[in-house]
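Visitor: Just passing along the structure, written as structure tokens.
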Amino acid sequence: MSTVKVTTTLPTSWKEFEVGEWCQTFLSEKIVACIQFERVRSMFSWNESIHSEEEWRITLTSTIDSVTKLVNLVEENHPYDVPQITWHAVNTGKLYGDWVKEEIE
């Protein structure tokens, strides 16, 4: 399992092209092979109150060897004070897994 999915969220106030530009940073750095983004509704507790807001969910596909560098880059470029950044290893087909490795290495 050398492929990982890193997930974060961005403010829904961002236009789709702004989200695309933010994502382009990671593709240009050759630290991800693929990125998906979509609108989602998030409910969370912040400053002692409950919020329900639309956000952009960003899913970045990378390798386990690059995950620390990727997470640091996401944190450095993130607009939130406390961004949600999670990741997990995923099983992939051989062709897809090989493609991810080729795009990053």
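In the structure tokens, each chain is lettered A, B, ... as it comes, each chain's residues begin at 1, and ligands are numbered from 1 in order of appearance.
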Give me the residues near Val67 (chain A) as a ChimeraX atom specification, where near means some atom within 12 Å (using only C-alpha atoms) and where sequence neighbours in that chain fewer than 4 positions away do not count.
Guide: /A:2-7,26,31-32,60-63,71-74,85-89,104
Visitor: Can you tell me which residues surround Gln36 (chain A) at a distance of at most 12 Å, considering only C-alpha atoms, apart from same-chain residues fewer than 2 positions away, and format the answer as JSON, numbers by chain?
Guide: {"A": [5, 6, 7, 8, 9, 16, 19, 20, 23, 24, 27, 32, 33, 34, 38, 39, 56, 57, 58, 59, 60, 61]}
Visitor: For those residues, write N, CA, C and O atoms to a file as a PDB file, in the first residue's frame.
Guide:
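After the write, out06.pdb holds the following:
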ATOM      1  N   LYS A   5      -4.551   8.793   0.230  1.00  0.00           N
ATOM      2  CA  LYS A   5      -5.518   9.856  -0.052  1.00  0.00           C
ATOM      3  C   LYS A   5      -5.446  10.831   1.107  1.00  0.00           C
ATOM      4  O   LYS A   5      -5.628  10.461   2.265  1.00  0.00           O
ATOM      5  N   VAL A   6      -5.154  12.095   0.789  1.00  0.00           N
ATOM      6  CA  VAL A   6      -5.117  13.166   1.778  1.00  0.00           C
ATOM      7  C   VAL A   6      -6.342  14.034   1.533  1.00  0.00           C
ATOM      8  O   VAL A   6      -6.617  14.410   0.385  1.00  0.00           O
ATOM      9  N   THR A   7      -7.079  14.326   2.581  1.00  0.00           N
ATOM     10  CA  THR A   7      -8.313  15.095   2.452  1.00  0.00           C
ATOM     11  C   THR A   7      -8.239  16.356   3.301  1.00  0.00           C
ATOM     12  O   THR A   7      -7.745  16.325   4.429  1.00  0.00           O
ATOM     13  N   THR A   8      -8.750  17.444   2.736  1.00  0.00           N
ATOM     14  CA  THR A   8      -8.882  18.690   3.474  1.00  0.00           C
ATOM     15  C   THR A   8     -10.133  19.396   2.968  1.00  0.00           C
ATOM     16  O   THR A   8     -10.820  18.884   2.081  1.00  0.00           O
ATOM     17  N   THR A   9     -10.433  20.542   3.530  1.00  0.00           N
ATOM     18  CA  THR A   9     -11.565  21.344   3.062  1.00  0.00           C
ATOM     19  C   THR A   9     -11.112  22.784   2.866  1.00  0.00           C
ATOM     20  O   THR A   9     -10.154  23.233   3.488  1.00  0.00           O
ATOM     21  N   GLU A  16     -14.785  28.278  -7.974  1.00  0.00           N
ATOM     22  CA  GLU A  16     -14.202  27.030  -8.470  1.00  0.00           C
ATOM     23  C   GLU A  16     -12.806  27.259  -9.064  1.00  0.00           C
ATOM     24  O   GLU A  16     -11.896  26.454  -8.868  1.00  0.00           O
ATOM     25  N   VAL A  19     -10.241  27.418  -6.271  1.00  0.00           N
ATOM     26  CA  VAL A  19      -9.943  26.082  -5.763  1.00  0.00           C
ATOM     27  C   VAL A  19      -8.997  25.379  -6.744  1.00  0.00           C
ATOM     28  O   VAL A  19      -8.008  24.762  -6.339  1.00  0.00           O
ATOM     29  N   GLY A  20      -9.278  25.509  -8.039  1.00  0.00           N
ATOM     30  CA  GLY A  20      -8.419  24.914  -9.049  1.00  0.00           C
ATOM     31  C   GLY A  20      -7.001  25.455  -8.999  1.00  0.00           C
ATOM     32  O   GLY A  20      -6.034  24.696  -9.121  1.00  0.00           O
ATOM     33  N   CYS A  23      -5.259  23.959  -6.006  1.00  0.00           N
ATOM     34  CA  CYS A  23      -4.901  22.566  -6.285  1.00  0.00           C
ATOM     35  C   CYS A  23      -3.718  22.471  -7.246  1.00  0.00           C
ATOM     36  O   CYS A  23      -2.876  21.577  -7.126  1.00  0.00           O
ATOM     37  N   GLN A  24      -3.654  23.384  -8.193  1.00  0.00           N
ATOM     38  CA  GLN A  24      -2.581  23.386  -9.190  1.00  0.00           C
ATOM     39  C   GLN A  24      -1.198  23.438  -8.537  1.00  0.00           C
ATOM     40  O   GLN A  24      -0.240  22.861  -9.041  1.00  0.00           O
ATOM     41  N   LEU A  27      -0.043  19.894  -7.907  1.00  0.00           N
ATOM     42  CA  LEU A  27       0.282  19.203  -9.158  1.00  0.00           C
ATOM     43  C   LEU A  27       1.592  19.730  -9.728  1.00  0.00           C
ATOM     44  O   LEU A  27       2.426  18.955 -10.208  1.00  0.00           O
ATOM     45  N   VAL A  32       1.539  15.313  -5.934  1.00  0.00           N
ATOM     46  CA  VAL A  32       0.295  14.553  -6.074  1.00  0.00           C
ATOM     47  C   VAL A  32       0.156  14.123  -7.528  1.00  0.00           C
ATOM     48  O   VAL A  32       0.686  14.759  -8.433  1.00  0.00           O
ATOM     49  N   ALA A  33      -0.585  13.045  -7.726  1.00  0.00           N
ATOM     50  CA  ALA A  33      -0.853  12.571  -9.077  1.00  0.00           C
ATOM     51  C   ALA A  33      -2.231  13.011  -9.549  1.00  0.00           C
ATOM     52  O   ALA A  33      -2.453  13.186 -10.741  1.00  0.00           O
ATOM     53  N   CYS A  34      -3.142  13.217  -8.595  1.00  0.00           N
ATOM     54  CA  CYS A  34      -4.536  13.494  -8.944  1.00  0.00           C
ATOM     55  C   CYS A  34      -5.209  14.218  -7.788  1.00  0.00           C
ATOM     56  O   CYS A  34      -4.865  13.997  -6.625  1.00  0.00           O
ATOM     57  N   GLU A  38     -15.051  18.751  -4.564  1.00  0.00           N
ATOM     58  CA  GLU A  38     -16.505  18.787  -4.635  1.00  0.00           C
ATOM     59  C   GLU A  38     -17.041  19.588  -3.462  1.00  0.00           C
ATOM     60  O   GLU A  38     -16.376  19.743  -2.438  1.00  0.00           O
ATOM     61  N   ARG A  39     -18.256  20.094  -3.603  1.00  0.00           N
ATOM     62  CA  ARG A  39     -18.906  20.815  -2.497  1.00  0.00           C
ATOM     63  C   ARG A  39     -19.528  19.806  -1.535  1.00  0.00           C
ATOM     64  O   ARG A  39     -20.111  18.814  -1.961  1.00  0.00           O
ATOM     65  N   TRP A  56     -15.590  23.198   0.272  1.00  0.00           N
ATOM     66  CA  TRP A  56     -15.037  22.360  -0.786  1.00  0.00           C
ATOM     67  C   TRP A  56     -14.255  21.230  -0.125  1.00  0.00           C
ATOM     68  O   TRP A  56     -13.384  21.490   0.704  1.00  0.00           O
ATOM     69  N   ARG A  57     -14.563  19.983  -0.463  1.00  0.00           N
ATOM     70  CA  ARG A  57     -13.745  18.864   0.001  1.00  0.00           C
ATOM     71  C   ARG A  57     -12.706  18.589  -1.076  1.00  0.00           C
ATOM     72  O   ARG A  57     -13.040  18.427  -2.245  1.00  0.00           O
ATOM     73  N   ILE A  58     -11.451  18.550  -0.677  1.00  0.00           N
ATOM     74  CA  ILE A  58     -10.342  18.333  -1.580  1.00  0.00           C
ATOM     75  C   ILE A  58      -9.715  16.986  -1.233  1.00  0.00           C
ATOM     76  O   ILE A  58      -9.352  16.752  -0.076  1.00  0.00           O
ATOM     77  N   THR A  59      -9.578  16.107  -2.219  1.00  0.00           N
ATOM     78  CA  THR A  59      -8.939  14.813  -2.021  1.00  0.00           C
ATOM     79  C   THR A  59      -7.721  14.737  -2.933  1.00  0.00           C
ATOM     80  O   THR A  59      -7.850  14.833  -4.157  1.00  0.00           O
ATOM     81  N   LEU A  60      -6.563  14.605  -2.332  1.00  0.00           N
ATOM     82  CA  LEU A  60      -5.298  14.588  -3.056  1.00  0.00           C
ATOM     83  C   LEU A  60      -4.720  13.172  -3.025  1.00  0.00           C
ATOM     84  O   LEU A  60      -4.647  12.557  -1.954  1.00  0.00           O
ATOM     85  N   THR A  61      -4.329  12.647  -4.169  1.00  0.00           N
ATOM     86  CA  THR A  61      -3.767  11.301  -4.265  1.00  0.00           C
ATOM     87  C   THR A  61      -2.252  11.403  -4.382  1.00  0.00           C
ATOM     88  O   THR A  61      -1.735  12.084  -5.263  1.00  0.00           O
TER      89      THR A  61
END
Visitor: Ranking A:Ser49, A:Gly93, A:Pro79, A:Leu70 by minimum distance to Glu18 (chain A) and counting only C-alpha atoms, which one comes first?
Guide: A:Pro79
Visitor: Step one, run DSSP on the backbone; step two, keep only residues of chain A assigned to strand (DSSP E or B); then write them as an NGL selection string.
Guide: :A and (3-11 or 34-46 or 49-63 or 85-90)
